[in-house]
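Structure, as structure tokens:
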Amino acid sequence: MNHAVPKWLERLLDLPTAPGAGTVWSIEHAWPWPPWVTLLLLAAAAAFVVAIYLRESRHAGRRFRLALAAIRLTLVALLVLMIAQITLVLKRTGLPSMAVLIDDSLSMTTVDQYADKTRMAMNERMKAAGMAKGELSRWKLLRTLLTEDSGSLLQAIGDGHKLRAWYLNDLRPVGADDSSGGSSATGKGPMCATDTARIIEQLRTMAPKSEATRLGGGVRGVIDELRSSSLSAVVVFTDGVNTEGPSLGEAAEYASRRGVPLYFVGLGNDQPSRDLILSDLMVDDTVFVDDVVNFECRLTSHGFQGRKVPVVLREKGKPDVLAKTEVTAGPDGRPEQVRLRFRPTRTGQFEYVVEAAPQQGELQIENNRQARLIEVRKEKIRVLLVQADPSFEFRYLRNMLRRDETIELHTVLQNADSEYARQDASALKAFPPTREELFAYDVVILGDANPDLLGAVALSDLTEFVTQSAKGGSLVFVAGPNYMPAAYRNTPLARLLPFAQGAAWPTPGPATADSDAAGLASGFTMQPTELGFASPAMQLGDTAEETERIWRSLPPLYWFLELPELKPGVRVLAEHPTRTASDGRRLPVLCLQYVGAGKVLFHATDETWRWRYQVGDKYFARYWVQTVRSLCRSKLGDAGHAAVLSADRRNYSQGESVRLRVRFADERMAPAEDDGVTVVVEQSGHTTQRVPLRRATAGRGVFEGQLEHVSAGSYHAWLAVPAIAGHAVAAQFSVSPPPGEFAQVRMDAAEMRRAARQTGGGFYTFDTVARLARDLPRGGLVPVETLPPRPLWNRWPVLAAFVVLLIGEWLLRKRGGMV
């Protein structure tokens with residue numbers, strides 16, 4: 001137990017103290033026995049001594065004998081004092097320390113969003129503290145708390161304590177001059193009490209500049225700095241974001257072991273930073289006029305999960321909305337696919353802008369839009385239509401294509417009489433006899449034509465038209481009841497059909513048609529697949545919703561051909577709604593495949609002419625014209641840029657995925673295989689790795705892939721497969737280390753609450769900080785330094801008293817005749 005040393009005794013013992021400090025004393029000993037044993041022995045010894053002296057020499061007076069007993073007991077007490085090595089312990093007392101840490105990292109410049117009422121209250125307090133209204137950055141909130149009411153909060157925190165304040169990241173005392181080499185405001189080193197007025201003065205002009213937050217390291221550093229003094233608590237003004245060094249959890253465990261409570265004043269908003277990011281815009285650079293153009297991009301949201309976000313397409317500088325859709329924002333950081341469809345009606349170059357509507361509370365809206373320059377062209381497409389007999393499909397298709405001014409049509413009707421070619425300007429007398437004449441066409445539509453009348457040479461040329469021609473021709477097969485496809489089984493064209501050679505080929509005629517009574521009575525409406533709805537050829541409406549509605553309401557078809565198992569890589573664009581194969585898959589009606597440099601589309605029905613019912617050519621023409629344009633889109637390619645390799649960004653943060661994309665300007669140069677593209681990625685000074693890319697959903701000439709777990713550094717990527725002679729297809733990107741301060745900008749209130757709970761401290765916000773001073777440990781004088789101990793048992797006065805008492809007892813016993 002400590003007792004205060006009076007001032008006069010401090011002077012006597014030469015114990016100088018600072019103002020406001022003092023000294024306390026206590027006694028220590030090395031006596032090994034418990035106190036109760038010691039008292040019992042002392043009592044027994046006292047009784048024994050008194051009894052001996054009372055029985056001895058009764059001629060001496062009773063008082064005389066009791067005086068001798070008192071002397072003997074005093075000698076015993078002095079002897080016990082020396083054996084127990086009684087020591088005087090002195091401790092200097094002073095005010096305990098209260099540490100304040102101020103986060104000076106760049107994350108404190110973050111401007112958070114608050115409710116209107118909260119923002120107004122904060123602005124009023126800022127005004128009262130002498131700061132102009134403006135953006136509510138975390139640093140401004142901190143300055144408001146520490147400077148308002150002449151620093152009343154700091155004074156309350158330091159009440160009954162020595163207040164010591166540091167900047168968090170370099171543990172520089174607050175109020176110290178930058179030139180002082182880390183000394184405190186008063187020039188007595190970092191251990192002296194910090195002047196509150198100087199703290200306020202410096203905070204009014206100070207700005208955060210640290211590029212990392214060492215929250216855990218700062219807390220541990222302060223505790224170690226004050227380990228030789230009494231530390232009541234550590235108060236931290238921060239946003240709780242730790243980006244470097246020990247975590248806050250580790251620091252809290254350390255503080256708990258040292259018995260130091262942590263109190264946090266959280267600055268910022270712990271709600272997610274609200275932002276919309278529109279990225280990865282993909283659209284053809286050159287398109288046909290009156291053709292559907294797909295604008296595809298990704299919308300990433302933060303803080304808007306579940307909200308319907310309008311996304312619109314405009315021509316730059318014009319207010320008119322060309323296309324619009326709504327996207328439901330996903331979880332934070334997860335991109336959602338956006339697709340807008342637009343049909344340009346004018347030729348020329350136009351810059352189009354895709355924009356997500358700004359939402360209330362967004363930190364920035366500059367990343368809500370993407371722009372792209374597109375050239376709209378009008379090109380003549382040469383089409384050859386071949387048929388044996390004039391079916392309804394042939395007649396309506398010939399008449400419609402002949403009227404379209406963007407299409408130059410020629411037809412071959414095998415069983416027509418000799419006058420047909422003279423009466424119809426588009427008719428040819430025979431199939432093009434030479435390769436050069438055939439290869440001058442862009443698209444060949446081969447209906448139910450007789451292969452014997454075409455001849456082996458024409459069939460071989462038609463195969464090479466697709467697979468080997470420099471421009472990669474496109475071929476459309478239209479199934480029929482007589483020849484297509486059964487009669488082509490043993491011809492060169494068989495390799496272009498979508499089903500395997502060894503499969504059971506469909507037999508022409510009603511047996512393979514949807515000719516049962518129910519089918520003839522009701523028919524069927526083909527259903528586009530997801531891939532079909534993404535295909536430009538299938539866009540019968542101006543919006544996705546309109547397109548789906550039109551396909552559902554088209555007049556029914558009554559005849560279709562059941563196809564056997566399809567080859568790998570064949571893309572099904574539309575299916576029968578109810579008929580299935582033996583393996584349970586729906587039977588295909590429209591399917592597409594890439595063969596060599598060309599494209600092959602197979603129609604398992606020749607009844608699309610039925611779509612004209614009550615609406616004329618509206619949907620029939622739109623489908624076929626868009627199909628023809630889609631099949632020969634390579635005509636729009638720029639020969640100067642065979643392919644382009646790109647990353648979705650030039651700079652990434654470590655941990656982010658790198659999305660690579662190869663786009664063939666000329667689709668004919670794209671490989672037929674869906675996984676036929678490989679990119680090699682090399683990090684500067686390191687080994688290379690091969691990244692396979694797969695064909696994108698809707699286009700032949702676009703391949704995409706992702707590179708995961710990329711370390712920091714600069715990267716060079718190039719197209720390895722397929723090799724393009726004379727053209728280096730390459731891209732560069734860089735990956736930066738984790739962005740530190742701004743990797744997470746949301747206040748980490750949860751982590752601060754855990755640390756406070758673990759150490760017995762508390763967590764407060766800008767609104768509740770008034771409770772902080774009441775919850776802090778109370779101040780007052782506490783032992784801060786133990787002075788050198790002063791042994792009492794071997795001091796000369798004790799020895800002198802023992803000798804004097806021993807001699808005095810002998811003299812008294814001799815006088816009383818007891819010797």
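Ordering of the structure tokens sets the chain letters (A, B, ...); residue numbers start at 1 within each chain; ligands are numbered from 1 in the order shown.
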
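All residues of protein, DNA or RNA that reach within 9 Å of Lys91 of chain A, judged by only C-alpha atoms and not counting those fewer than 4 positions away in the chain, are Asn2, Gly22, Thr23, Val24, Trp25, Ser26, Pro783, Val784, Glu785, Thr786, Leu787 and Pro788 of chain A.
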
| task | Run DSSP on the backbone and grab whatever in segment 311-408 of chain A lands in strand (DSSP E or B); send it over as an MDAnalysis selection string. | result | chainID A and resid 311:315 321:328 335:342 348:356 369:377 381:387 407:408

| request: Tell me which protein, DNA and RNA residues are within 7 Å of segment 404-406 of chain A, counting only C-alpha atoms, leaving out same-chain ones fewer than 6 positions away, and put them as a count of residues only. | output: 3

| task | List every residue of segment 523-742 of chain A that DSSP, applied to the backbone of this structure, places in helix (DSSP H, G or I), and write the result as a ChimeraX atom specification. | result | /A:530-534,536-538,544-553,608-612,618-631,633-636,667-669,740-742

| Surrounding residues of segment 539-552 of chain A excluding itself and chain neighbours under 5 positions, 8 Å, only C-alpha atoms, as a ChimeraX atom specification | /A:292,323,340-343,525-528,533,619,622-623

| said: Excluding Arg334 of chain A and its own-chain neighbours fewer than 4 positions away, which residues fall within 9 Å of it when counting only C-alpha atoms? Please give them as a ChimeraX atom specification. | reply: /A:299-302,329-330

Output C-alpha atoms for every residue in that selection, as a PDB file, in the first residue's frame.
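Dumped everything to result-v1.pdb:
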ATOM      1  CA  LEU A 299     -22.295  -2.133 -66.065  1.00  0.00           C
ATOM      2  CA  THR A 300     -20.581  -2.519 -62.696  1.00  0.00           C
ATOM      3  CA  SER A 301     -22.269  -1.058 -59.641  1.00  0.00           C
ATOM      4  CA  HIS A 302     -21.201  -0.249 -56.105  1.00  0.00           C
ATOM      5  CA  ALA A 329     -27.549  -3.568 -60.785  1.00  0.00           C
ATOM      6  CA  GLY A 330     -25.829  -6.623 -59.337  1.00  0.00           C
TER       7      GLY A 330
END
